[in-house]
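S.K.: Next comes the structure file work_18.pdb, holding PDB, C-alpha atoms.
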```pdb
ATOM      1  CA  MET A   1      75.183  89.478 103.760
ATOM      2  CA  ILE A   2      75.538  93.141 102.762
ATOM      3  CA  THR A   3      75.804  95.564 105.667
ATOM      4  CA  LEU A   4      74.657  99.164 105.247
ATOM      5  CA  LYS A   5      76.770 101.587 107.229
ATOM      6  CA  SER A   6      75.444 104.487 109.268
ATOM      7  CA  LYS A   7      76.695 108.034 108.807
ATOM      8  CA  ARG A   8      78.814 107.636 111.946
ATOM      9  CA  GLU A   9      80.313 104.358 110.733
ATOM     10  CA  ILE A  10      81.237 105.962 107.418
ATOM     11  CA  GLU A  11      82.844 108.852 109.277
ATOM     12  CA  THR A  12      85.029 106.448 111.272
ATOM     13  CA  MET A  13      85.956 104.574 108.097
ATOM     14  CA  ALA A  14      86.938 107.908 106.547
ATOM     15  CA  GLU A  15      89.294 108.506 109.492
ATOM     16  CA  SER A  16      90.863 105.109 108.864
ATOM     17  CA  GLY A  17      91.038 105.894 105.146
ATOM     18  CA  ALA A  18      92.752 109.222 105.785
ATOM     19  CA  LEU A  19      95.470 107.447 107.750
ATOM     20  CA  LEU A  20      95.900 104.892 104.973
ATOM     21  CA  ALA A  21      96.073 107.677 102.374
ATOM     22  CA  SER A  22      98.798 109.379 104.393
ATOM     23  CA  VAL A  23     100.909 106.220 104.127
ATOM     24  CA  HIS A  24     100.624 106.299 100.333
ATOM     25  CA  LYS A  25     101.634 109.961 100.323
ATOM     26  CA  GLU A  26     104.777 109.078 102.283
ATOM     27  CA  LEU A  27     105.571 106.251  99.860
ATOM     28  CA  ARG A  28     105.778 108.710  96.959
ATOM     29  CA  GLU A  29     109.138 109.863  98.311
ATOM     30  CA  PHE A  30     110.175 106.632 100.038
ATOM     31  CA  ILE A  31     110.090 104.400  96.947
ATOM     32  CA  LYS A  32     113.289 104.786  94.937
ATOM     33  CA  PRO A  33     115.943 102.618  93.278
ATOM     34  CA  GLY A  34     118.056 100.659  95.747
ATOM     35  CA  ILE A  35     115.396  99.909  98.358
ATOM     36  CA  THR A  36     113.510  96.629  98.614
ATOM     37  CA  SER A  37     109.848  95.821  98.992
ATOM     38  CA  TRP A  38     110.775  94.522 102.438
ATOM     39  CA  ASP A  39     111.874  98.076 103.280
ATOM     40  CA  ILE A  40     108.405  99.201 102.185
ATOM     41  CA  GLU A  41     106.803  96.551 104.384
ATOM     42  CA  VAL A  42     108.745  97.676 107.458
ATOM     43  CA  PHE A  43     108.048 101.359 106.769
ATOM     44  CA  VAL A  44     104.308 100.793 106.308
ATOM     45  CA  ARG A  45     103.915  98.575 109.356
ATOM     46  CA  ASP A  46     105.832 101.010 111.593
ATOM     47  CA  TYR A  47     103.891 104.010 110.252
ATOM     48  CA  ILE A  48     100.487 102.425 110.807
ATOM     49  CA  GLU A  49     101.303 101.178 114.291
ATOM     50  CA  SER A  50     102.944 104.471 115.341
ATOM     51  CA  HIS A  51      99.641 106.205 114.506
ATOM     52  CA  GLY A  52      97.659 103.959 116.829
ATOM     53  CA  ALA A  53      96.231 101.660 114.166
ATOM     54  CA  ILE A  54      96.585  98.031 113.132
ATOM     55  CA  ALA A  55      97.952  96.700 109.839
ATOM     56  CA  ALA A  56      94.816  94.679 109.157
ATOM     57  CA  GLN A  57      96.189  92.339 106.482
ATOM     58  CA  ILE A  58      98.523  90.632 108.963
ATOM     59  CA  GLY A  59      96.906  87.314 109.843
ATOM     60  CA  TYR A  60      94.023  87.711 107.388
ATOM     61  CA  GLU A  61      93.368  84.181 106.097
ATOM     62  CA  GLY A  62      96.943  83.359 107.098
ATOM     63  CA  TYR A  63      98.631  86.235 105.252
ATOM     64  CA  LYS A  64     101.800  87.302 107.094
ATOM     65  CA  TYR A  65     102.449  90.864 105.952
ATOM     66  CA  ALA A  66     101.133  94.406 106.316
ATOM     67  CA  THR A  67     101.443  94.973 102.573
ATOM     68  CA  CYS A  68     101.078  93.248  99.263
ATOM     69  CA  CYS A  69     103.957  94.479  97.084
ATOM     70  CA  SER A  70     103.397  93.291  93.510
ATOM     71  CA  ILE A  71     106.139  94.091  90.985
ATOM     72  CA  ASN A  72     105.929  94.331  87.182
ATOM     73  CA  ASP A  73     104.102  91.199  85.927
ATOM     74  CA  GLU A  74     102.751  90.359  89.392
ATOM     75  CA  ILE A  75      99.048  91.191  89.367
ATOM     76  CA  CYS A  76      98.396  91.125  93.103
ATOM     77  CA  HIS A  77      99.295  89.621  96.489
ATOM     78  CA  GLY A  78     103.042  89.816  95.945
ATOM     79  CA  PHE A  79     105.007  89.105  99.107
ATOM     80  CA  PRO A  80     107.356  91.855 100.333
ATOM     81  CA  ARG A  81     110.932  90.614  99.945
ATOM     82  CA  LYS A  82     114.574  91.676  99.884
ATOM     83  CA  LYS A  83     115.103  91.880  96.126
ATOM     84  CA  VAL A  84     116.420  95.362  95.273
ATOM     85  CA  LEU A  85     114.110  97.606  93.234
ATOM     86  CA  LYS A  86     115.598  99.214  90.124
ATOM     87  CA  ASP A  87     114.782 102.008  87.687
ATOM     88  CA  GLY A  88     111.658 101.210  85.695
ATOM     89  CA  ASP A  89     110.116  98.701  88.100
ATOM     90  CA  LEU A  90     106.348  99.112  88.478
ATOM     91  CA  ILE A  91     105.274  98.308  92.041
ATOM     92  CA  LYS A  92     101.752  98.157  93.415
ATOM     93  CA  VAL A  93     101.468  98.569  97.188
ATOM     94  CA  ASP A  94      98.180  97.339  98.680
ATOM     95  CA  MET A  95      97.297  97.626 102.369
ATOM     96  CA  CYS A  96      94.438  97.666 104.857
ATOM     97  CA  VAL A  97      94.226  99.776 108.015
ATOM     98  CA  ASN A  98      92.151  99.090 111.118
ATOM     99  CA  LEU A  99      91.744 102.287 113.124
ATOM    100  CA  ASN A 100      89.588 101.820 116.214
ATOM    101  CA  GLY A 101      87.690  99.012 114.493
ATOM    102  CA  ALA A 102      87.142 100.867 111.205
ATOM    103  CA  ILE A 103      88.672  99.212 108.130
ATOM    104  CA  SER A 104      90.016 100.907 104.994
ATOM    105  CA  ASP A 105      91.655  99.391 101.927
ATOM    106  CA  SER A 106      93.658 101.017  99.138
ATOM    107  CA  CYS A 107      96.273 100.044  96.571
ATOM    108  CA  TRP A 108      98.449 102.506  94.671
ATOM    109  CA  ALA A 109     100.954 102.071  91.852
ATOM    110  CA  TYR A 110     104.434 103.590  91.829
ATOM    111  CA  VAL A 111     107.198 103.592  89.252
ATOM    112  CA  VAL A 112     110.666 103.217  90.706
ATOM    113  CA  GLY A 113     113.045 105.920  89.495
ATOM    114  CA  LYS A 114     112.914 106.561  85.758
ATOM    115  CA  SER A 115     109.728 105.508  84.021
ATOM    116  CA  THR A 116     109.022 104.433  80.437
ATOM    117  CA  ASP A 117     106.312 105.420  77.965
ATOM    118  CA  GLU A 118     104.779 101.952  78.343
ATOM    119  CA  ILE A 119     104.531 102.272  82.120
ATOM    120  CA  ASP A 120     103.288 105.862  82.009
ATOM    121  CA  ARG A 121     100.460 104.946  79.648
ATOM    122  CA  LEU A 122      99.467 101.828  81.592
ATOM    123  CA  MET A 123      99.342 103.801  84.843
ATOM    124  CA  ALA A 124      97.312 106.599  83.264
ATOM    125  CA  VAL A 125      94.762 104.219  81.727
ATOM    126  CA  THR A 126      94.419 102.203  84.955
ATOM    127  CA  LYS A 127      93.891 105.325  87.055
ATOM    128  CA  LYS A 128      91.308 106.703  84.626
ATOM    129  CA  ALA A 129      89.540 103.325  84.609
ATOM    130  CA  LEU A 130      89.321 103.489  88.405
ATOM    131  CA  TYR A 131      87.674 106.902  88.358
ATOM    132  CA  LEU A 132      85.306 105.951  85.539
ATOM    133  CA  GLY A 133      84.179 103.085  87.755
ATOM    134  CA  ILE A 134      83.821 105.397  90.748
ATOM    135  CA  GLU A 135      81.626 107.743  88.716
ATOM    136  CA  GLN A 136      79.126 104.872  88.374
ATOM    137  CA  ALA A 137      79.031 104.177  92.126
ATOM    138  CA  GLN A 138      75.732 106.016  92.526
ATOM    139  CA  VAL A 139      72.587 105.174  94.469
ATOM    140  CA  GLY A 140      70.238 103.389  92.070
ATOM    141  CA  ASN A 141      72.947 102.226  89.672
ATOM    142  CA  ARG A 142      73.942  98.587  89.452
ATOM    143  CA  ILE A 143      77.208  96.732  90.033
ATOM    144  CA  GLY A 144      77.394  96.028  86.302
ATOM    145  CA  ASP A 145      77.542  99.759  85.576
ATOM    146  CA  ILE A 146      80.848  99.981  87.457
ATOM    147  CA  GLY A 147      82.409  96.993  85.707
ATOM    148  CA  HIS A 148      81.151  98.032  82.283
ATOM    149  CA  ALA A 149      82.636 101.522  82.588
ATOM    150  CA  ILE A 150      86.046 100.083  83.505
ATOM    151  CA  GLN A 151      86.076  97.236  81.004
ATOM    152  CA  SER A 152      84.832  99.174  77.993
ATOM    153  CA  TYR A 153      87.406 101.930  78.496
ATOM    154  CA  ALA A 154      90.411  99.694  79.241
ATOM    155  CA  GLU A 155      89.711  97.290  76.388
ATOM    156  CA  GLN A 156      89.180 100.206  74.020
ATOM    157  CA  GLU A 157      92.703 101.295  74.965
ATOM    158  CA  GLY A 158      94.039  97.832  74.136
ATOM    159  CA  TYR A 159      94.477  96.432  77.647
ATOM    160  CA  GLY A 160      93.276  93.322  79.459
ATOM    161  CA  VAL A 161      91.012  93.575  82.514
ATOM    162  CA  VAL A 162      91.745  90.949  85.176
ATOM    163  CA  ARG A 163      88.738  88.735  85.932
ATOM    164  CA  ASP A 164      90.043  86.561  88.760
ATOM    165  CA  PHE A 165      90.417  89.309  91.371
ATOM    166  CA  ILE A 166      87.717  91.876  92.003
ATOM    167  CA  GLY A 167      86.499  94.578  94.360
ATOM    168  CA  HIS A 168      84.296  93.867  97.361
ATOM    169  CA  GLY A 169      82.324  95.223 100.239
ATOM    170  CA  ILE A 170      84.322  96.322 103.255
ATOM    171  CA  GLY A 171      83.825  97.000 106.979
ATOM    172  CA  PRO A 172      83.752  95.768 109.665
ATOM    173  CA  THR A 173      85.853  93.029 108.025
ATOM    174  CA  ILE A 174      88.209  93.295 105.041
ATOM    175  CA  HIS A 175      86.195  91.309 102.497
ATOM    176  CA  GLU A 176      82.388  91.346 102.503
ATOM    177  CA  SER A 177      79.541  91.217 100.018
ATOM    178  CA  PRO A 178      78.888  92.496  97.441
ATOM    179  CA  ALA A 179      81.416  91.342  94.861
ATOM    180  CA  VAL A 180      82.448  94.233  92.592
ATOM    181  CA  PRO A 181      83.881  92.947  89.272
ATOM    182  CA  HIS A 182      85.788  95.298  86.974
ATOM    183  CA  TYR A 183      83.988  93.893  83.953
ATOM    184  CA  GLY A 184      80.303  93.466  83.268
ATOM    185  CA  VAL A 185      77.136  94.581  81.561
ATOM    186  CA  ALA A 186      75.606  97.982  82.193
ATOM    187  CA  GLY A 187      72.240  97.805  83.940
ATOM    188  CA  LYS A 188      72.869  94.328  85.342
ATOM    189  CA  GLY A 189      73.671  93.111  88.827
ATOM    190  CA  LEU A 190      72.914  94.235  92.345
ATOM    191  CA  ARG A 191      71.428  97.717  92.766
ATOM    192  CA  LEU A 192      73.559 100.103  94.822
ATOM    193  CA  LYS A 193      72.038 101.535  97.999
ATOM    194  CA  GLU A 194      72.985 104.355 100.335
ATOM    195  CA  GLY A 195      75.246 103.056 103.102
ATOM    196  CA  MET A 196      77.060 100.428 101.074
ATOM    197  CA  VAL A 197      80.845 100.687 101.315
ATOM    198  CA  ILE A 198      82.849  98.980  98.578
ATOM    199  CA  THR A 199      86.272  98.864  97.018
ATOM    200  CA  ILE A 200      86.882  99.497  93.340
ATOM    201  CA  GLU A 201      90.325  98.219  92.375
ATOM    202  CA  PRO A 202      90.843  97.496  88.663
ATOM    203  CA  MET A 203      93.878  95.415  87.731
ATOM    204  CA  ILE A 204      94.799  96.222  84.143
ATOM    205  CA  ASN A 205      97.340  94.286  82.054
ATOM    206  CA  THR A 206      99.295  95.293  78.953
ATOM    207  CA  GLY A 207      98.360  91.985  77.341
ATOM    208  CA  THR A 208      95.934  89.221  78.184
ATOM    209  CA  TRP A 209      93.701  89.420  81.248
ATOM    210  CA  LYS A 210      94.516  85.796  82.042
ATOM    211  CA  MET A 211      96.750  84.890  84.974
ATOM    212  CA  LYS A 212      98.795  82.162  86.585
ATOM    213  CA  MET A 213      99.364  81.487  90.285
ATOM    214  CA  ASP A 214     102.623  81.241  92.149
ATOM    215  CA  PRO A 215     103.171  77.992  94.091
ATOM    216  CA  ASN A 216     102.987  80.109  97.274
ATOM    217  CA  GLY A 217      99.215  80.106  96.759
ATOM    218  CA  TRP A 218      98.908  83.913  97.015
ATOM    219  CA  THR A 219     100.757  85.767  94.252
ATOM    220  CA  SER A 220      99.293  85.967  90.758
ATOM    221  CA  TYR A 221     101.150  86.827  87.552
ATOM    222  CA  THR A 222     100.086  87.842  84.062
ATOM    223  CA  LEU A 223      99.959  84.748  81.883
ATOM    224  CA  ASP A 224     102.004  86.354  79.097
ATOM    225  CA  GLY A 225     104.561  88.121  81.289
ATOM    226  CA  GLY A 226     103.190  91.577  80.499
ATOM    227  CA  LEU A 227     102.989  94.394  83.010
ATOM    228  CA  SER A 228     100.045  94.766  85.386
ATOM    229  CA  CYS A 229      98.872  97.908  87.187
ATOM    230  CA  GLN A 230      96.331  98.502  89.953
ATOM    231  CA  TYR A 231      94.734 101.433  91.743
ATOM    232  CA  GLU A 232      92.142 101.037  94.490
ATOM    233  CA  HIS A 233      89.916 103.233  96.640
ATOM    234  CA  SER A 234      87.384 102.455  99.356
ATOM    235  CA  ILE A 235      84.108 104.223  98.499
ATOM    236  CA  ALA A 236      80.897 104.888 100.408
ATOM    237  CA  ILE A 237      77.664 105.009  98.403
ATOM    238  CA  THR A 238      75.747 108.141  99.452
ATOM    239  CA  ASN A 239      72.768 110.095  98.143
ATOM    240  CA  GLU A 240      75.215 112.899  97.327
ATOM    241  CA  GLY A 241      77.355 110.617  95.164
ATOM    242  CA  PRO A 242      80.373 108.370  95.761
ATOM    243  CA  LEU A 243      82.476 109.373  98.767
ATOM    244  CA  LEU A 244      86.148 108.433  98.555
ATOM    245  CA  LEU A 245      87.279 107.250 101.972
ATOM    246  CA  THR A 246      90.932 106.799 100.952
ATOM    247  CA  SER A 247      91.459 109.919  98.841
ATOM    248  CA  GLN A 248      95.017 111.249  98.779
ATOM    249  CA  GLY A 249      94.056 114.656  97.456
ATOM    250  CA  GLU A 250      92.506 116.075  94.312
ATOM    251  CA  GLU A 251      89.795 113.701  93.115
ATOM    252  CA  GLY A 252      90.579 112.017  89.828
ATOM    253  CA  THR A 253      94.291 112.345  90.589
ATOM    254  CA  TYR A 254      94.655 110.781  94.030
TER     255      TYR A 254
END
```
Output the structure of this file as structure tokens.
M.R.:
Amino acid sequence: MITLKSKREIETMAESGALLASVHKELREFIKPGITSWDIEVFVRDYIESHGAIAAQIGYEGYKYATCCSINDEICHGFPRKKVLKDGDLIKVDMCVNLNGAISDSCWAYVVGKSTDEIDRLMAVTKKALYLGIEQAQVGNRIGDIGHAIQSYAEQEGYGVVRDFIGHGIGPTIHESPAVPHYGVAGKGLRLKEGMVITIEPMINTGTWKMKMDPNGWTSYTLDGGLSCQYEHSIAITNEGPLLLTSQGEEGTY
């Protein structure tokens, strides 16, 4: 069932999203060579809880952590761990915040220390793909318009668009209807209505879009060992256009 949120509900979700965005801002300086993704996990959990909120991923369908920390060829749902991060690692940090019952969800990509041309280009294309998808999140458009905008751009740039993990509705629980694929046909799919709140979270690979699963049952990897990048925002569909609930700053950049 798709729930349409009231203006007040969207306002409370924006408050949750602002807190989540502030965590990502802090991670810009926190992530550096020599730390571990477990250090990120502890930092994020402490930050969220010290601001009166709940790290909503903990316990969700049995997941144990506040963050998903996916490194290099890990597409998503990487467990935080004590392996030391080094120059040139590409890490995607995904988290959900519950602030007074309002849920927000956002993933952001970070390069550890010195980057490479390959990583810089992948990050730039993935971020642009996200915002091209957001541009289509308009009342009266269809879900397929979002996916088509992302897929056509990313594939034109020579990248693979992950099919197995997609965006979704959000609030008052983490995952709700509708499903929001990052591939599709323009003009097809569910029509977007005012009050819907969704995530758009393209996962873009340097090679094939295909994946393989870790035996842990959570973490996915690129099938060919190539790099994977992800950016994600929570977005409210409004008559005035898409409203970013997890914006970190200047639209199109954060």
S.K.: Give as a PyMOL selection string the set of residues within 10 Å of the point (70.2, 96.7, 90.4), where distances use the file's coordinates and only C-alpha atoms.
M.R.: chain A and resi 139-145+186-193
S.K.: With the cut-off set at 12 Å and counting all atoms listed in the file, tabulate each residue of region 5-115 of chain A with an atom at most that distance from an atom of region 126-133 of chain A, showing the nearest atom pair and its distance in Å to one decimal, ordered by chain and increasing number, as a tab-separated table.
M.R.:
```
residue	atom	partner	partner_atom	distance
A:Lys92	CA	A:Thr126	CA	11.9
A:Ser106	CA	A:Leu130	CA	11.8
A:Cys107	CA	A:Lys127	CA	11.1
A:Trp108	CA	A:Lys127	CA	9.3
A:Ala109	CA	A:Lys127	CA	9.1
A:Tyr110	CA	A:Lys127	CA	11.7
```
S.K.: Find the residue from A:Ile48, A:Ile174, A:Ile75, A:Ala137 that sits nearest to Asn239 (chain A); use only C-alpha atoms when measuring.
M.R.: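 Once distances to Asn239 (chain A) are computed over only C-alpha atoms, the minimum belongs to A:Ala137.
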S.K.: Counting all atoms listed in the file, select every polymer residue within 9 Å of (83.0, 101.8, 92.1) as defined in the file's coordinates, and provide the selection as a PDB file with C-alpha atoms, keeping the file's coordinate frame.
M.R.:
```
ATOM      1  CA  LEU A 130      89.321 103.489  88.405  1.00  0.00           C
ATOM      2  CA  TYR A 131      87.674 106.902  88.358  1.00  0.00           C
ATOM      3  CA  LEU A 132      85.306 105.951  85.539  1.00  0.00           C
ATOM      4  CA  GLY A 133      84.179 103.085  87.755  1.00  0.00           C
ATOM      5  CA  ILE A 134      83.821 105.397  90.748  1.00  0.00           C
ATOM      6  CA  GLU A 135      81.626 107.743  88.716  1.00  0.00           C
ATOM      7  CA  GLN A 136      79.126 104.872  88.374  1.00  0.00           C
ATOM      8  CA  ALA A 137      79.031 104.177  92.126  1.00  0.00           C
ATOM      9  CA  GLN A 138      75.732 106.016  92.526  1.00  0.00           C
ATOM     10  CA  ILE A 143      77.208  96.732  90.033  1.00  0.00           C
ATOM     11  CA  ASP A 145      77.542  99.759  85.576  1.00  0.00           C
ATOM     12  CA  ILE A 146      80.848  99.981  87.457  1.00  0.00           C
ATOM     13  CA  GLY A 147      82.409  96.993  85.707  1.00  0.00           C
ATOM     14  CA  GLY A 167      86.499  94.578  94.360  1.00  0.00           C
ATOM     15  CA  VAL A 180      82.448  94.233  92.592  1.00  0.00           C
ATOM     16  CA  HIS A 182      85.788  95.298  86.974  1.00  0.00           C
ATOM     17  CA  ILE A 198      82.849  98.980  98.578  1.00  0.00           C
ATOM     18  CA  THR A 199      86.272  98.864  97.018  1.00  0.00           C
ATOM     19  CA  ILE A 200      86.882  99.497  93.340  1.00  0.00           C
ATOM     20  CA  GLU A 201      90.325  98.219  92.375  1.00  0.00           C
ATOM     21  CA  HIS A 233      89.916 103.233  96.640  1.00  0.00           C
ATOM     22  CA  SER A 234      87.384 102.455  99.356  1.00  0.00           C
ATOM     23  CA  ILE A 235      84.108 104.223  98.499  1.00  0.00           C
ATOM     24  CA  ILE A 237      77.664 105.009  98.403  1.00  0.00           C
ATOM     25  CA  PRO A 242      80.373 108.370  95.761  1.00  0.00           C
TER      26      PRO A 242
END
```
S.K.: So which one's closest to Leu244 (chain A), A:Ile35, A:Ile10, A:Ile119, A:Met1? Using all atoms listed in the file, please.
M.R.: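 Using all atoms listed in the file, the shortest distance to Leu244 (chain A) belongs to A:Ile10.
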S.K.: To one decimal in Å, tell me the separation between CA of Asp164 (chain A) and CA of Thr222 (chain A).
M.R.: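 Going from CA of Asp164 (chain A) over to CA of Thr222 (chain A), I get 11.2 Å.
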